[in-house]
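A.B. asks: Please find upload.pdb (PDB, C-alpha atoms) on the next line:
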```pdb
ATOM      1  CA  LEU A 125       0.000   0.000   0.000
ATOM      2  CA  VAL A 126       1.210   3.487  -0.776
ATOM      3  CA  ARG A 127      -0.063   6.922   0.015
ATOM      4  CA  HIS A 128       0.037   9.388  -2.895
ATOM      5  CA  THR A 129       0.669  13.005  -2.021
ATOM      6  CA  ARG A 130       1.522  15.716  -4.494
ATOM      7  CA  VAL A 131       4.163  17.974  -3.001
ATOM      8  CA  ARG A 132       5.193  21.221  -4.646
ATOM      9  CA  GLU A 133       8.887  21.710  -4.092
ATOM     10  CA  PRO A 134      10.127  25.185  -5.055
ATOM     11  CA  CYS A 135      13.575  24.504  -3.585
ATOM     12  CA  LEU A 136      13.391  21.057  -2.072
ATOM     13  CA  ARG A 137      15.068  17.837  -3.114
ATOM     14  CA  TRP A 138      13.909  18.318  -6.683
ATOM     15  CA  THR A 139      11.235  20.369  -8.429
ATOM     16  CA  CYS A 140       7.509  19.728  -8.722
ATOM     17  CA  VAL A 141       7.440  15.942  -8.651
ATOM     18  CA  GLU A 142       4.840  13.570  -7.268
ATOM     19  CA  MET A 143       6.132  11.894  -4.127
ATOM     20  CA  VAL A 144       4.818   8.464  -3.184
ATOM     21  CA  PHE A 145       4.991   7.902   0.553
ATOM     22  CA  ALA A 146       5.393   4.186   1.081
ATOM     23  CA  GLU A 147       4.447   1.729   3.793
ATOM     24  CA  SER A 148       7.220   0.134   5.846
ATOM     25  CA  SER A 149       7.271  -2.964   3.630
ATOM     26  CA  ALA A 150       8.671  -0.891   0.754
ATOM     27  CA  PHE A 151      11.769  -0.173   2.828
ATOM     28  CA  GLY A 152      12.483  -3.823   3.673
ATOM     29  CA  ALA A 153      11.795  -2.944   7.300
ATOM     30  CA  GLU A 154      11.241  -6.565   8.310
ATOM     31  CA  GLY A 155      14.683  -7.624   7.061
ATOM     32  CA  ASP A 156      15.413 -10.789   5.105
ATOM     33  CA  GLY A 157      15.558 -13.281   7.967
ATOM     34  CA  GLU A 158      19.262 -13.859   7.330
ATOM     35  CA  THR A 159      21.844 -11.069   7.189
ATOM     36  CA  LEU A 160      19.444  -8.113   7.318
ATOM     37  CA  LYS A 161      17.661  -7.586  10.630
ATOM     38  CA  LYS A 162      14.274  -5.988  11.219
ATOM     39  CA  ASN A 163      14.509  -2.208  11.489
ATOM     40  CA  ARG A 164      12.251  -0.909  14.236
ATOM     41  CA  PHE A 165      12.551   2.731  13.170
ATOM     42  CA  LEU A 166      11.296   1.979   9.664
ATOM     43  CA  SER A 167       8.522  -0.212  11.048
ATOM     44  CA  THR A 168       7.158   2.482  13.343
ATOM     45  CA  THR A 169       8.081   5.896  11.918
ATOM     46  CA  ARG A 170       6.341   7.521   8.970
ATOM     47  CA  GLU A 171       7.964  10.107   6.741
ATOM     48  CA  ASP A 172       6.635  13.649   7.070
ATOM     49  CA  GLU A 173       6.349  15.372   3.710
ATOM     50  CA  HIS A 174       6.037  18.768   5.414
ATOM     51  CA  LEU A 175       9.572  18.293   6.721
ATOM     52  CA  ASN A 176      10.725  16.723   3.446
ATOM     53  CA  GLN A 177      11.592  13.472   5.232
ATOM     54  CA  TYR A 178      12.393  10.462   3.058
ATOM     55  CA  TRP A 179      13.876   7.390   4.705
ATOM     56  CA  TYR A 180      16.613   5.170   3.322
ATOM     57  CA  SER A 181      15.818   1.490   2.852
ATOM     58  CA  ASN A 182      16.743  -0.981   5.559
ATOM     59  CA  ARG A 183      19.662  -2.292   3.494
ATOM     60  CA  SER A 184      20.979   1.219   2.890
ATOM     61  CA  ILE A 185      20.728   2.070   6.581
ATOM     62  CA  ASP A 186      22.504  -1.179   7.428
ATOM     63  CA  ALA A 187      25.453  -0.226   5.199
ATOM     64  CA  MET A 188      25.636   3.237   6.762
ATOM     65  CA  VAL A 189      25.438   1.890  10.305
ATOM     66  CA  ARG A 190      28.204  -0.637   9.666
ATOM     67  CA  ASP A 191      30.451   2.159   8.387
ATOM     68  CA  VAL A 192      29.681   4.449  11.317
ATOM     69  CA  GLU A 193      30.291   1.692  13.853
ATOM     70  CA  ARG A 194      33.611   0.840  12.213
ATOM     71  CA  VAL A 195      34.796   4.462  12.152
ATOM     72  CA  CYS A 196      33.529   5.065  15.697
ATOM     73  CA  ALA A 197      34.562   1.737  17.188
ATOM     74  CA  ALA A 198      36.642   3.300  19.966
ATOM     75  CA  GLU A 199      34.708   3.906  23.172
ATOM     76  CA  GLU A 200      35.688   7.578  23.263
ATOM     77  CA  SER A 201      34.634   8.259  19.646
ATOM     78  CA  ARG A 202      31.430  10.129  18.791
ATOM     79  CA  CYS A 203      29.250  10.575  15.715
ATOM     80  CA  CYS A 204      26.795  13.356  14.926
ATOM     81  CA  PHE A 205      23.796  12.719  12.663
ATOM     82  CA  LEU A 206      22.656  15.852  10.824
ATOM     83  CA  SER A 207      19.100  15.326   9.545
ATOM     84  CA  THR A 208      19.612  11.548   9.462
ATOM     85  CA  PRO A 209      17.397  10.203  12.276
ATOM     86  CA  SER A 210      16.755   6.868  10.566
ATOM     87  CA  VAL A 211      20.449   6.033  10.841
ATOM     88  CA  TYR A 212      20.881   7.346  14.380
ATOM     89  CA  PHE A 213      17.968   5.284  15.692
ATOM     90  CA  SER A 214      19.317   2.176  13.935
ATOM     91  CA  LEU A 215      22.664   2.183  15.745
ATOM     92  CA  SER A 216      23.646  -0.412  18.309
ATOM     93  CA  LYS A 217      22.938   0.761  21.853
ATOM     94  CA  PRO A 218      26.607   1.392  22.811
ATOM     95  CA  VAL A 219      27.313   3.571  19.771
ATOM     96  CA  ARG A 220      24.003   5.400  19.961
ATOM     97  CA  ALA A 221      24.713   6.223  23.615
ATOM     98  CA  ARG A 222      27.667   8.354  22.494
ATOM     99  CA  SER A 223      26.084   9.814  19.354
ATOM    100  CA  TRP A 224      23.866  12.832  18.746
ATOM    101  CA  CYS A 225      20.853  13.380  16.490
ATOM    102  CA  PHE A 226      20.520  16.928  15.153
ATOM    103  CA  ASP A 227      17.067  17.427  13.656
ATOM    104  CA  LEU A 228      14.221  19.903  13.289
ATOM    105  CA  ASP A 229      11.557  17.273  14.054
ATOM    106  CA  GLU A 230      10.784  17.550  17.747
ATOM    107  CA  GLN A 231       9.066  14.162  17.981
ATOM    108  CA  TRP A 232      12.442  12.891  19.239
ATOM    109  CA  GLN A 233      13.086  15.646  21.772
ATOM    110  CA  GLY A 234      12.798  13.163  24.642
ATOM    111  CA  ASP A 235      15.801  11.216  23.383
ATOM    112  CA  ARG A 236      19.083  11.768  25.236
ATOM    113  CA  GLY A 237      20.997  12.587  22.058
ATOM    114  CA  PHE A 238      18.475  14.896  20.413
ATOM    115  CA  VAL A 239      19.522  18.445  19.538
ATOM    116  CA  ARG A 240      17.003  20.721  17.849
ATOM    117  CA  TYR A 241      18.708  21.848  14.663
ATOM    118  CA  ASP A 242      17.663  24.322  11.981
ATOM    119  CA  PHE A 243      20.185  24.502   9.159
ATOM    120  CA  ASN A 244      19.325  28.174   8.663
ATOM    121  CA  ALA A 245      21.179  28.789  11.933
ATOM    122  CA  PRO A 246      24.180  26.484  11.289
ATOM    123  CA  ILE A 247      25.792  26.961  14.697
ATOM    124  CA  GLY A 248      22.775  28.336  16.547
ATOM    125  CA  PHE A 249      21.807  25.102  18.276
ATOM    126  CA  PRO A 250      21.745  24.503  22.062
ATOM    127  CA  ASN A 251      25.103  23.964  23.798
ATOM    128  CA  ALA A 252      26.979  24.751  20.597
ATOM    129  CA  GLU A 253      30.265  25.744  22.232
ATOM    130  CA  ALA A 254      30.302  22.627  24.401
ATOM    131  CA  LEU A 255      29.891  20.442  21.309
ATOM    132  CA  ARG A 256      32.349  22.322  19.118
ATOM    133  CA  GLY A 257      35.137  20.116  17.756
ATOM    134  CA  THR A 258      34.047  17.035  19.710
ATOM    135  CA  PHE A 259      32.871  14.637  16.976
ATOM    136  CA  ASP A 260      34.893  12.075  15.052
ATOM    137  CA  MET A 261      32.282  11.729  12.301
ATOM    138  CA  VAL A 262      29.206  13.419  10.866
ATOM    139  CA  VAL A 263      26.502  11.862   8.684
ATOM    140  CA  ILE A 264      24.533  14.351   6.586
ATOM    141  CA  ASP A 265      21.349  14.173   4.505
ATOM    142  CA  PRO A 266      19.880  17.673   4.024
ATOM    143  CA  PRO A 267      16.211  18.087   3.126
ATOM    144  CA  PHE A 268      17.277  20.197   0.127
ATOM    145  CA  ILE A 269      19.837  19.512  -2.600
ATOM    146  CA  THR A 270      21.010  23.044  -3.373
ATOM    147  CA  ARG A 271      24.567  24.274  -2.861
ATOM    148  CA  GLU A 272      23.297  27.058  -0.601
ATOM    149  CA  VAL A 273      21.858  24.517   1.828
ATOM    150  CA  TRP A 274      24.924  22.285   1.653
ATOM    151  CA  GLU A 275      27.094  25.280   2.506
ATOM    152  CA  LYS A 276      25.124  25.691   5.733
ATOM    153  CA  TYR A 277      25.457  22.013   6.605
ATOM    154  CA  THR A 278      29.167  22.277   5.838
ATOM    155  CA  THR A 279      29.469  25.109   8.349
ATOM    156  CA  THR A 280      27.790  22.921  10.968
ATOM    157  CA  ALA A 281      29.912  19.879  10.140
ATOM    158  CA  LYS A 282      33.217  21.744  10.297
ATOM    159  CA  PHE A 283      32.170  23.378  13.562
ATOM    160  CA  LEU A 284      31.397  20.016  15.167
ATOM    161  CA  LEU A 285      34.197  17.862  13.784
ATOM    162  CA  LYS A 286      37.579  17.164  15.285
ATOM    163  CA  PRO A 287      40.586  17.723  12.986
ATOM    164  CA  ASP A 288      40.575  15.083  10.228
ATOM    165  CA  GLY A 289      36.991  14.146  11.100
ATOM    166  CA  LYS A 290      35.098  11.806   8.813
ATOM    167  CA  VAL A 291      32.110  12.842   6.695
ATOM    168  CA  MET A 292      29.408  10.708   5.078
ATOM    169  CA  GLY A 293      26.666  12.403   3.082
ATOM    170  CA  SER A 294      24.061  11.763   0.425
ATOM    171  CA  THR A 295      22.796  13.880  -2.429
ATOM    172  CA  ILE A 296      22.391  13.696  -6.192
ATOM    173  CA  ALA A 297      25.206  12.842  -8.625
ATOM    174  CA  GLU A 298      25.087  16.333 -10.104
ATOM    175  CA  ASN A 299      26.427  17.704  -6.808
ATOM    176  CA  LYS A 300      29.703  15.800  -7.106
ATOM    177  CA  GLY A 301      31.699  18.955  -7.784
ATOM    178  CA  PHE A 302      30.717  20.944  -4.749
ATOM    179  CA  MET A 303      30.751  17.886  -2.467
ATOM    180  CA  LYS A 304      34.457  17.654  -3.251
ATOM    181  CA  GLU A 305      34.947  21.397  -2.887
ATOM    182  CA  LEU A 306      33.048  21.849   0.374
ATOM    183  CA  LEU A 307      33.765  18.611   2.252
ATOM    184  CA  ASN A 308      36.443  16.815   0.223
ATOM    185  CA  CYS A 309      33.974  13.980  -0.321
ATOM    186  CA  GLU A 310      34.065  11.521  -3.210
ATOM    187  CA  PRO A 311      31.144   9.494  -4.639
ATOM    188  CA  GLN A 312      30.895   5.912  -3.390
ATOM    189  CA  THR A 313      29.993   2.697  -5.219
ATOM    190  CA  PHE A 314      27.075   1.818  -2.926
ATOM    191  CA  MET A 315      24.065   3.931  -3.887
ATOM    192  CA  PRO A 316      21.208   4.340  -1.416
ATOM    193  CA  SER A 317      17.700   3.105  -2.015
ATOM    194  CA  ILE A 318      15.159   5.747  -0.934
ATOM    195  CA  PRO A 319      11.788   4.239  -1.902
ATOM    196  CA  THR A 320       9.838   7.506  -1.760
ATOM    197  CA  LEU A 321      12.143   9.383  -4.133
ATOM    198  CA  VAL A 322      11.795   9.067  -7.894
ATOM    199  CA  TYR A 323      15.430   9.936  -8.665
ATOM    200  CA  GLN A 324      18.685   8.349  -7.564
ATOM    201  CA  TYR A 325      20.949   9.629  -4.801
ATOM    202  CA  ARG A 326      24.649   8.911  -4.318
ATOM    203  CA  PHE A 327      26.652   8.452  -1.142
ATOM    204  CA  TYR A 328      29.755  10.596  -0.632
ATOM    205  CA  ALA A 329      32.583  10.201   1.873
ATOM    206  CA  ASN A 330      35.937  11.804   2.674
ATOM    207  CA  TYR A 331      37.483   8.527   3.869
ATOM    208  CA  ALA A 332      38.005   4.988   2.584
ATOM    209  CA  SER A 333      34.650   3.339   3.225
ATOM    210  CA  GLU A 334      34.281  -0.422   3.460
ATOM    211  CA  SER A 335      30.500  -0.738   3.492
ATOM    212  CA  LEU A 336      29.967   1.852   0.757
ATOM    213  CA  GLY A 337      32.651   0.394  -1.467
ATOM    214  CA  VAL A 338      30.412  -2.326  -2.893
ATOM    215  CA  GLN A 339      27.313  -2.203  -5.067
ATOM    216  CA  ASN A 340      23.882  -2.083  -3.462
ATOM    217  CA  PRO A 341      21.912  -5.079  -4.817
ATOM    218  CA  GLU A 342      18.723  -2.985  -4.581
ATOM    219  CA  ILE A 343      19.999  -0.596  -7.272
ATOM    220  CA  PRO A 344      20.407  -1.755 -10.885
ATOM    221  CA  ASP A 345      23.923  -1.532 -12.308
ATOM    222  CA  GLU A 346      24.360   1.746 -14.164
ATOM    223  CA  ASP A 347      25.702  -0.218 -17.139
ATOM    224  CA  ASP A 348      22.590  -2.394 -17.403
TER     225      ASP A 348
END
```
If you took the structure in this file and wrote it as structure tokens, what would it be?
C.D. replies:
Amino acid sequence: LVRHTRVREPCLRWTCVEMVFAESSAFGAEGDGETLKKNRFLSTTREDEHLNQYWYSNRSIDAMVRDVERVCAAEESRCCFLSTPSVYFSLSKPVRARSWCFDLDEQWQGDRGFVRYDFNAPIGFPNAEALRGTFDMVVIDPPFITREVWEKYTTTAKFLLKPDGKVMGSTIAENKGFMKELLNCEPQTFMPSIPTLVYQYRFYANYASESLGVQNPEIPDEDD
């Protein structure tokens, strides 16, 4: 079952397209019974078109989580999730306990790691100075694809990251140039599945990624 909602997007992820908001089954939320576990977040949390929320598939989240938990394996390491709640809430308990979720959606304000974040005020969030330069990694998925918005997220990321901090982000292939310029990120082989979106995103990273270095079986080979 899907819910059809026409969303006018003057400056959102794309322009004037019909978004199809899917049920949890479209995301593979139940897993495959073998290597892919059930994802509780996808099973219980609906996307909100008013906030331009579109979740990754379970398999895509799994790849992201594995990368984050490898990069942040040390007990003193910390990761910040900028507008990526589906990944934050899919972490293992030990890693989530030392991670933060920056988001505008206040449905998660009761969570220990929640920080209310509006990208229009890139460093105007609560306890900003205390969090400055304290994160080993940031994961970014802005609600908009424009350079202007990515520049604001870049300001936030550089404010929060330690020197040589790691960055994972997702946006369209056409943004390859400024992803390199702003965050020194390169496109990855693994491409995310985002069932609600009608166009393909790419993952980008500024480090050698293991989980994102292989093809996503959910996405047809570009040569096919």
A.B. asks: Would you kindly translate the PyMOL selection byres ((chain A and resi 243-254) around 12) into the concrete residues it picks from this file, as a count of residues only?
C.D. replies: 35
A.B. asks: Write out as a list in words which residues come within 12 Å of A:Ser216 when counting all atoms listed in the file, dropping same-chain ones fewer than 6 positions away.
C.D. replies: Asn163, Asp186, Val189, Arg190, Val192, Glu193, Arg194, Cys196, Ala197, Arg222 and Ser223 of chain A
A.B. asks: With only C-alpha atoms as the basis for distance, which of A:Glu334, A:Glu342, A:Asp229, A:Glu305 is at the shortest distance from A:Gln177?
C.D. replies: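 So, comparing all the options, the nearest one is A:Asp229.
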A.B. asks: Can you work out which one of A:Phe213, A:Tyr178, A:Tyr331, A:Trp232 has the shortest atom-to-atom distance to A:Asn308, counting all atoms listed in the file?
C.D. replies: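 Nearest candidate to A:Asn308 out of A:Phe213, A:Tyr178, A:Tyr331, A:Trp232: A:Tyr331.
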A.B. asks: Could you work out how far atom CA of A:Ala187 lies from atom CA of A:Val338, giving the answer in Å with one decimal?
C.D. replies: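 Straight-line distance from atom CA of A:Val338 to atom CA of A:Ala187 works out to 9.7 Å.
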A.B. asks: Have a look at A:Leu285, A:Pro218, A:Met188, A:Arg236 and name the one nearest to A:Gln312; count all atoms listed in the file.
C.D. replies: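 For A:Gln312, the nearest of the given residues is A:Met188.
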A.B. asks: Translate the PyMOL selection byres ((chain A and resi 184) around 8) into a concrete residue list for this structure, as number ranges by chain.
C.D. replies: A: 180-183, 185-188, 315-317, 340
A.B. asks: Give the answer as one residue: which of A:Val263, A:Lys304, A:Arg326, A:Leu166 has the shortest atom-to-atom distance to A:Gln339, using all atoms listed in the file?
C.D. replies: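 Going through A:Val263, A:Lys304, A:Arg326, A:Leu166 one by one, the smallest distance to A:Gln339 is for A:Arg326.
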A.B. asks: Identify which of the residues A:Leu160, A:Ile269, A:Ala221, A:Val211 lies closest to A:Glu199, counting only C-alpha atoms when measuring atom-to-atom distances.
C.D. replies: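 Closest candidate: A:Ala221.
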A.B. asks: Rounded to one decimal in Å, what is the spacing between atom CA of A:Tyr325 and atom CA of A:Arg220?
C.D. replies: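 Straight-line distance from atom CA of A:Tyr325 to atom CA of A:Arg220 works out to 25.3 Å.
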A.B. asks: Figure out the distance between atom CA of A:Phe314 and atom CA of A:Gly337, please, to one decimal in Å.
C.D. replies: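 Calculated distance between atom CA of A:Gly337 and atom CA of A:Phe314 is 5.9 Å.
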A.B. asks: I need the residue set behind the PyMOL selection byres ((chain A and resi 332) around 12) for this file; please write it as number ranges by chain.
C.D. replies: A: 191, 194-195, 290-292, 309-313, 328-331, 333-338
